[in-house]
$ cat coords-v6.csv   # CSV, C-alpha atoms
chain,number,residue,atom,x,y,z
A,824,ASP,CA,-22.2,6.6,5.7
A,825,ASP,CA,-24.8,9.2,6.8
A,826,CYS,CA,-22.2,11.9,7.5
A,827,TRP,CA,-20.4,11.3,4.2
A,828,ASN,CA,-23.7,11.6,2.3
A,829,GLN,CA,-24.2,15.0,4.0
A,830,ASP,CA,-20.7,16.3,2.9
A,831,ALA,CA,-19.5,15.8,6.4
A,832,LEU,CA,-17.2,13.5,8.4
A,833,CYS,CA,-18.0,11.7,11.6
A,834,VAL,CA,-16.0,13.3,14.4
A,835,GLU,CA,-16.6,12.1,18.0
A,836,ASN,CA,-19.9,10.5,17.0
A,837,ARG,CA,-21.3,13.6,15.3
A,838,CYS,CA,-21.3,14.8,11.7
A,839,VAL,CA,-19.1,17.8,11.0
A,840,ARG,CA,-19.5,19.4,7.6
A,841,PHE,CA,-16.5,19.7,5.4
A,842,GLU,CA,-16.4,23.5,5.6
A,843,ASP,CA,-16.4,23.4,9.4
A,844,MET,CA,-13.3,21.0,9.6
A,845,GLY,CA,-10.9,23.9,9.4
A,846,TRP,CA,-9.1,22.6,6.3
A,847,PRO,CA,-7.1,24.8,4.0
A,848,GLU,CA,-9.1,26.0,1.0
A,849,ILE,CA,-7.2,23.9,-1.5
A,850,VAL,CA,-7.9,20.7,0.5
A,851,LEU,CA,-11.6,21.6,0.9
A,852,ASN,CA,-12.0,22.3,-2.8
A,853,ASN,CA,-10.3,19.1,-3.9
A,854,ILE,CA,-12.2,16.9,-1.4
A,855,ARG,CA,-15.5,18.4,-2.7
A,856,GLN,CA,-14.4,17.7,-6.3
A,857,LEU,CA,-13.3,14.1,-5.4
A,858,LYS,CA,-16.6,13.4,-3.7
A,859,GLY,CA,-19.2,15.1,-6.0
A,860,ASN,CA,-17.9,16.2,-9.4
A,861,PRO,CA,-19.9,14.4,-12.1
A,862,PHE,CA,-16.8,14.2,-14.4
A,863,LYS,CA,-14.4,11.4,-13.6
A,864,ASP,CA,-11.4,13.2,-15.0
A,865,VAL,CA,-12.0,16.0,-12.5
A,866,ARG,CA,-12.4,13.5,-9.6
A,867,ARG,CA,-9.2,11.8,-10.7
A,868,GLU,CA,-7.3,15.1,-10.8
A,869,ALA,CA,-8.6,16.0,-7.3
A,870,ALA,CA,-7.3,12.7,-5.9
A,871,TYR,CA,-4.0,13.3,-7.5
A,872,ARG,CA,-3.8,16.9,-6.1
A,873,LEU,CA,-4.6,15.7,-2.6
A,874,GLY,CA,-1.7,13.3,-2.8
A,875,GLU,CA,0.6,15.9,-4.4
A,876,ILE,CA,0.1,18.3,-1.5
A,877,LYS,CA,0.3,15.5,1.0
A,878,SER,CA,-2.9,16.4,2.8
A,879,GLN,CA,-3.3,14.5,6.0
A,880,GLU,CA,-6.8,15.9,6.2
A,881,ALA,CA,-7.7,14.2,2.9
A,882,VAL,CA,-7.0,10.6,4.1
A,883,PRO,CA,-10.6,9.8,5.1
A,884,ALA,CA,-11.9,11.1,1.7
A,885,LEU,CA,-9.3,9.2,-0.3
A,886,ILE,CA,-10.1,6.0,1.6
A,887,LYS,CA,-13.8,6.5,0.7
A,888,ALA,CA,-12.8,6.9,-2.9
A,889,LEU,CA,-10.6,3.8,-2.8
A,890,GLU,CA,-13.3,1.6,-1.2
A,891,ASN,CA,-16.1,2.8,-3.5
A,892,THR,CA,-16.3,-0.1,-5.9
A,893,LEU,CA,-18.8,1.8,-8.1
A,894,GLU,CA,-16.1,4.4,-8.7
A,895,ASP,CA,-13.9,4.5,-11.8
A,896,ILE,CA,-10.9,2.1,-11.5
A,897,ASN,CA,-8.4,4.8,-12.5
A,898,ILE,CA,-9.8,7.1,-9.7
A,899,ARG,CA,-9.5,4.3,-7.1
A,900,MET,CA,-5.9,3.6,-8.3
A,901,VAL,CA,-5.0,7.3,-8.0
A,902,ALA,CA,-6.6,7.4,-4.6
A,903,ALA,CA,-4.4,4.5,-3.5
A,904,SER,CA,-1.3,6.3,-4.9
A,905,ALA,CA,-2.3,9.5,-3.1
A,906,LEU,CA,-2.5,7.7,0.2
A,907,GLY,CA,1.0,6.4,-0.5
A,908,GLU,CA,2.2,9.9,-1.1
A,909,ILE,CA,0.7,11.1,2.1
A,910,LYS,CA,2.2,8.1,4.0
A,911,SER,CA,-0.4,8.1,6.8
A,912,PRO,CA,-0.4,4.9,8.9
A,913,GLU,CA,-4.2,5.5,9.2
A,914,ALA,CA,-4.6,4.3,5.6
A,915,VAL,CA,-2.9,0.9,6.1
A,916,PRO,CA,-6.1,-1.1,7.0
A,917,ALA,CA,-8.0,0.3,3.9
A,918,LEU,CA,-5.0,-0.4,1.6
A,919,ILE,CA,-4.7,-4.0,2.9
A,920,ARG,CA,-8.5,-4.5,2.3
A,921,ALA,CA,-8.0,-3.2,-1.3
A,922,LEU,CA,-5.0,-5.4,-1.8
A,923,GLU,CA,-6.9,-8.5,-0.5
A,924,ASN,CA,-10.3,-7.9,-2.0
A,925,ASP,CA,-10.4,-5.4,-4.9
A,926,GLN,CA,-11.2,-7.0,-8.3
A,927,SER,CA,-8.9,-4.7,-10.2
A,928,PRO,CA,-5.2,-5.7,-10.5
A,929,ASP,CA,-4.4,-2.0,-11.1
A,930,VAL,CA,-6.0,-1.0,-7.9
A,931,ARG,CA,-4.3,-3.8,-6.0
A,932,SER,CA,-0.9,-2.7,-7.5
A,933,GLY,CA,-1.6,0.8,-6.4
A,934,ALA,CA,-2.2,-0.5,-2.9
A,935,VAL,CA,1.1,-2.4,-3.0
A,936,PHE,CA,3.1,0.7,-3.8
A,937,ALA,CA,1.2,2.8,-1.2
A,938,LEU,CA,1.8,0.2,1.5
A,939,ARG,CA,5.5,0.1,0.5
A,940,ASP,CA,5.8,3.9,0.8
A,941,ILE,CA,4.1,4.0,4.2
A,942,ALA,CA,6.3,1.2,5.4
A,943,LEU,CA,9.4,3.2,4.2
A,944,ARG,CA,8.3,6.1,6.4
A,945,ASP,CA,6.9,4.0,9.3
A,946,ILE,CA,9.0,0.9,9.6
A,947,GLY,CA,6.9,0.2,12.7
A,948,SER,CA,4.1,-1.0,10.5
A,949,PRO,CA,4.4,-4.8,10.3
A,950,GLU,CA,0.9,-5.0,8.9
A,951,ALA,CA,2.0,-3.3,5.8
A,952,VAL,CA,5.0,-5.5,5.4
A,953,SER,CA,2.9,-8.6,6.0
A,954,ALA,CA,0.5,-7.5,3.3
A,955,LEU,CA,3.4,-7.1,0.8
A,956,ILE,CA,4.6,-10.6,1.7
A,957,ASN,CA,1.2,-12.0,1.0
A,958,THR,CA,1.2,-10.7,-2.6
A,959,TYR,CA,3.0,-14.0,-3.3
A,960,GLU,CA,-0.5,-15.5,-3.4
A,961,ASP,CA,-2.1,-12.9,-5.7
A,962,SER,CA,-3.7,-14.2,-8.9
A,963,ASP,CA,-2.3,-11.5,-11.0
A,964,GLU,CA,1.4,-11.6,-12.2
A,965,ASP,CA,1.9,-7.9,-12.2
A,966,VAL,CA,0.6,-7.6,-8.6
A,967,ARG,CA,3.0,-10.4,-7.5
A,968,LEU,CA,5.9,-8.8,-9.3
A,969,ASN,CA,5.1,-5.4,-7.8
A,970,GLY,CA,5.0,-7.0,-4.4
A,971,ILE,CA,8.4,-8.5,-4.8
A,972,TYR,CA,9.9,-5.3,-6.1
A,973,SER,CA,8.3,-3.3,-3.2
A,974,LEU,CA,9.8,-5.7,-0.7
A,975,GLU,CA,13.2,-5.4,-2.3
A,976,VAL,CA,13.1,-1.6,-2.1
A,977,LEU,CA,11.9,-1.7,1.5
A,978,ILE,CA,14.6,-4.1,2.6
A,979,ASN,CA,17.4,-2.2,0.8
A,980,ARG,CA,16.4,1.2,2.3
A,981,VAL,CA,15.6,0.4,5.9
A,982,ASP,CA,17.2,-1.5,8.8
A,983,ILE,CA,14.9,-4.5,9.0
A,984,THR,CA,16.6,-5.5,12.3
A,985,SER,CA,15.1,-2.4,13.9
A,986,ASN,CA,11.6,-3.9,14.1
A,987,ASN,CA,11.4,-7.4,15.5
A,988,LEU,CA,8.0,-8.3,14.1
A,989,ILE,CA,9.1,-7.3,10.5
A,990,TYR,CA,12.4,-9.0,10.9
A,991,THR,CA,10.7,-12.2,12.0
A,992,GLN,CA,8.3,-12.1,9.1
A,993,LEU,CA,11.1,-11.8,6.6
A,994,LEU,CA,13.2,-14.5,8.3
A,995,SER,CA,10.1,-16.8,8.2
A,996,LEU,CA,9.7,-16.0,4.5
A,997,ILE,CA,13.2,-17.0,3.5
A,998,ARG,CA,13.0,-20.2,5.6
A,999,GLU,CA,9.7,-21.1,3.9
A,1000,LYS,CA,10.4,-20.1,0.3
A,1001,ALA,CA,14.1,-20.6,-0.2
A,1002,PRO,CA,13.9,-24.4,-0.3
A,1003,LEU,CA,11.2,-24.2,-2.9
A,1004,LEU,CA,13.1,-22.0,-5.4
A,1005,ASP,CA,13.8,-24.8,-7.8
A,1006,THR,CA,10.1,-25.5,-8.1
A,1007,TYR,CA,9.3,-22.1,-9.6
A,1008,PRO,CA,9.2,-21.7,-13.4
A,1009,PRO,CA,11.2,-19.0,-15.1
A,1010,PRO,CA,11.2,-16.0,-14.8
A,1011,TRP,CA,9.7,-16.4,-11.3
A,1012,LYS,CA,12.6,-18.5,-10.0
A,1013,GLY,CA,14.9,-15.6,-10.8
A,1014,TYR,CA,12.6,-13.0,-9.2
A,1015,PHE,CA,12.2,-15.0,-6.0
A,1016,SER,CA,15.9,-15.9,-5.9
A,1017,ARG,CA,16.8,-12.2,-6.0
A,1018,LEU,CA,14.4,-11.4,-3.2
A,1019,MET,CA,15.7,-14.3,-1.1
A,1020,LEU,CA,19.3,-13.0,-1.6
A,1021,ILE,CA,18.4,-9.5,-0.6
A,1022,ILE,CA,16.7,-10.7,2.6
A,1023,TYR,CA,19.6,-13.0,3.4
A,1024,ASN,CA,22.2,-10.2,3.0
A,1025,ASN,CA,20.3,-8.1,5.5
A,1026,LEU,CA,19.9,-10.8,8.2
A,1027,LYS,CA,21.8,-10.9,11.4
A,1028,SER,CA,25.0,-13.0,11.3
A,1029,SER,CA,23.6,-15.4,13.8
A,1030,ASP,CA,20.6,-16.1,11.7
A,1031,LYS,CA,22.6,-16.5,8.5
A,1032,ALA,CA,24.7,-19.1,10.3
A,1033,ASN,CA,21.6,-21.1,11.3
A,1034,LEU,CA,19.9,-20.9,7.9
A,1035,ASP,CA,20.1,-23.6,5.3
A,1036,TYR,CA,20.4,-21.3,2.3
A,1037,THR,CA,22.8,-21.5,-0.7
A,1038,GLN,CA,23.3,-18.3,-2.5

$ encode --input "coords-v6.csv" --output "structure tokens"
Amino acid sequence: DDCWNQDALCVENRCVRFEDMGWPEIVLNNIRQLKGNPFKDVRREAAYRLGEIKSQEAVPALIKALENTLEDINIRMVAASALGEIKSPEAVPALIRALENDQSPDVRSGAVFALRDIALRDIGSPEAVSALINTYEDSDEDVRLNGIYSLEVLINRVDITSNNLIYTQLLSLIREKAPLLDTYPPPWKGYFSRLMLIIYNNLKSSDKANLDYTQ
């Protein structure tokens, strides 16, 4: 956008230059490198550093890098990973867009892991969990497998009953997919069966009793 092209961010409908944002010097320098350095290795390192220091201020810049389809794939993948390190819910819509639309499986996988990490911090983000569930439909095997693995990690580490929207999504998933397990070829039958079992083990007793599921 116009502000970004001027080394600025849009704040309350006006452009505020990077140096006037009050950022720590390390954040300012890395955002400048990420946006404008002509060498892709330097831009990739800047994205990595912003994630490493968990800079909340860097989220808009990392989203810009992630969504810039002219940017190097490795830089966009690192930008996604950095957003996962920062764990800002603000990044969820951009990560979902990347997961749904990016042509690179590596970038989509980076978005999967970032959404998982944000959901681990903020279990109140049903949008992130829904996006992970939808990796079932991804055209790339690695993205689908990373989505399954990320759901397993999430379900094993948080109390899914603490958020009704997320719980309902996972309950619907097992109701829909469990009867179809025998239709999946190996090794996908095994992957999906393990995920169904993990979901089942974390359901409320009342829902287990009403579910037609054989372990």

$ closest_residue --input "coords-v6.csv" --among "A:Asn853, A:Leu922, A:Lys910, A:Leu943" --to "Glu960 of chain A" --atoms "all atoms listed in the file"
A:Leu922

$ residues_around --input "coords-v6.csv" --residues "Pro928 of chain A" --least-positions-apart "2" --cutoff "10 Å" --atoms "only C-alpha atoms" --output "PDB file with C-alpha atoms, in the frame of the given file"
ATOM      1  CA  ILE A 896     -10.900   2.100 -11.500  1.00  0.00           C
ATOM      2  CA  MET A 900      -5.900   3.600  -8.300  1.00  0.00           C
ATOM      3  CA  ALA A 921      -8.000  -3.200  -1.300  1.00  0.00           C
ATOM      4  CA  LEU A 922      -5.000  -5.400  -1.800  1.00  0.00           C
ATOM      5  CA  ASP A 925     -10.400  -5.400  -4.900  1.00  0.00           C
ATOM      6  CA  GLN A 926     -11.200  -7.000  -8.300  1.00  0.00           C
ATOM      7  CA  VAL A 930      -6.000  -1.000  -7.900  1.00  0.00           C
ATOM      8  CA  ARG A 931      -4.300  -3.800  -6.000  1.00  0.00           C
ATOM      9  CA  SER A 932      -0.900  -2.700  -7.500  1.00  0.00           C
ATOM     10  CA  GLY A 933      -1.600   0.800  -6.400  1.00  0.00           C
ATOM     11  CA  ALA A 934      -2.200  -0.500  -2.900  1.00  0.00           C
ATOM     12  CA  ASP A 961      -2.100 -12.900  -5.700  1.00  0.00           C
ATOM     13  CA  SER A 962      -3.700 -14.200  -8.900  1.00  0.00           C
ATOM     14  CA  ASP A 963      -2.300 -11.500 -11.000  1.00  0.00           C
ATOM     15  CA  GLU A 964       1.400 -11.600 -12.200  1.00  0.00           C
ATOM     16  CA  ASP A 965       1.900  -7.900 -12.200  1.00  0.00           C
ATOM     17  CA  VAL A 966       0.600  -7.600  -8.600  1.00  0.00           C
ATOM     18  CA  ARG A 967       3.000 -10.400  -7.500  1.00  0.00           C
TER      19      ARG A 967
END

$ closest_residue --input "coords-v6.csv" --among "A:Ile983, A:Leu873, A:Met1019, A:Ala831" --to "Glu999 of chain A" --atoms "only C-alpha atoms"
A:Met1019

$ closest_residue --input "coords-v6.csv" --among "A:Asn891, A:Ser985, A:Asn897, A:Gln856" --to "Ala917 of chain A" --atoms "all atoms listed in the file"
A:Asn891

$ atom_distance --input "coords-v6.csv" --atom1 "atom CA of Leu857 of chain A" --atom2 "atom CA of Leu906 of chain A"
13.7 Å

$ atom_distance --input "coords-v6.csv" --atom1 "atom CA of Ile919 of chain A" --atom2 "atom CA of Asn986 of chain A"
19.8 Å

$ residues_around --input "coords-v6.csv" --residues "Ser904 of chain A" --least-positions-apart "4" --cutoff "10 Å" --atoms "all atoms listed in the file" --output "list in words"
Ala870, Tyr871, Gly874, Glu875, Leu885, Leu889, Ile898, Arg899, Met900, Glu908, Ile909, Lys910, Val930, Ser932, Gly933, Ala934, Val935, Phe936, Ala937, Leu938 and Asp940 of chain A

$ write_last_selection --input "coords-v6.csv" --atoms "C-alpha atoms" --output "PDB file, in the frame of the given file"
ATOM      1  CA  ALA A 870      -7.300  12.700  -5.900  1.00  0.00           C
ATOM      2  CA  TYR A 871      -4.000  13.300  -7.500  1.00  0.00           C
ATOM      3  CA  GLY A 874      -1.700  13.300  -2.800  1.00  0.00           C
ATOM      4  CA  GLU A 875       0.600  15.900  -4.400  1.00  0.00           C
ATOM      5  CA  LEU A 885      -9.300   9.200  -0.300  1.00  0.00           C
ATOM      6  CA  LEU A 889     -10.600   3.800  -2.800  1.00  0.00           C
ATOM      7  CA  ILE A 898      -9.800   7.100  -9.700  1.00  0.00           C
ATOM      8  CA  ARG A 899      -9.500   4.300  -7.100  1.00  0.00           C
ATOM      9  CA  MET A 900      -5.900   3.600  -8.300  1.00  0.00           C
ATOM     10  CA  GLU A 908       2.200   9.900  -1.100  1.00  0.00           C
ATOM     11  CA  ILE A 909       0.700  11.100   2.100  1.00  0.00           C
ATOM     12  CA  LYS A 910       2.200   8.100   4.000  1.00  0.00           C
ATOM     13  CA  VAL A 930      -6.000  -1.000  -7.900  1.00  0.00           C
ATOM     14  CA  SER A 932      -0.900  -2.700  -7.500  1.00  0.00           C
ATOM     15  CA  GLY A 933      -1.600   0.800  -6.400  1.00  0.00           C
ATOM     16  CA  ALA A 934      -2.200  -0.500  -2.900  1.00  0.00           C
ATOM     17  CA  VAL A 935       1.100  -2.400  -3.000  1.00  0.00           C
ATOM     18  CA  PHE A 936       3.100   0.700  -3.800  1.00  0.00           C
ATOM     19  CA  ALA A 937       1.200   2.800  -1.200  1.00  0.00           C
ATOM     20  CA  LEU A 938       1.800   0.200   1.500  1.00  0.00           C
ATOM     21  CA  ASP A 940       5.800   3.900   0.800  1.00  0.00           C
TER      22      ASP A 940
END

$ closest_residue --input "coords-v6.csv" --among "A:Asn1033, A:Val839, A:Pro1002, A:Glu894" --to "Asn860 of chain A" --atoms "all atoms listed in the file"
A:Glu894

$ atom_distance --input "coords-v6.csv" --atom1 "atom CA of Pro1009 of chain A" --atom2 "atom CA of Ile1022 of chain A"
20.3 Å

$ closest_residue --input "coords-v6.csv" --among "A:Thr1006, A:Asn987, A:Asn979, A:Asn957" --to "Leu1020 of chain A" --atoms "only C-alpha atoms"
A:Asn979

$ closest_residue --input "coords-v6.csv" --among "A:Cys826, A:Val865, A:Glu880, A:Glu950" --to "Glu848 of chain A" --atoms "all atoms listed in the file"
A:Glu880

$ residues_near_point --input "coords-v6.csv" --point "(7.6, -18.4, -7.4)" --cutoff "10 Å" --atoms "all atoms listed in the file" --output "list in words"
Tyr959, Glu960, Arg967, Leu968, Lys1000, Ala1001, Leu1003, Leu1004, Asp1005, Thr1006, Tyr1007, Pro1008, Pro1009, Pro1010, Trp1011, Lys1012, Gly1013, Tyr1014, Phe1015 and Ser1016 of chain A

$ residues_near_point --input "coords-v6.csv" --point "(-21.6, 13.3, 6.2)" --cutoff "12 Å" --atoms "all atoms listed in the file" --output "PyMOL selection string"
chain A and resi 824-834+836-844+855+858+883-884+887
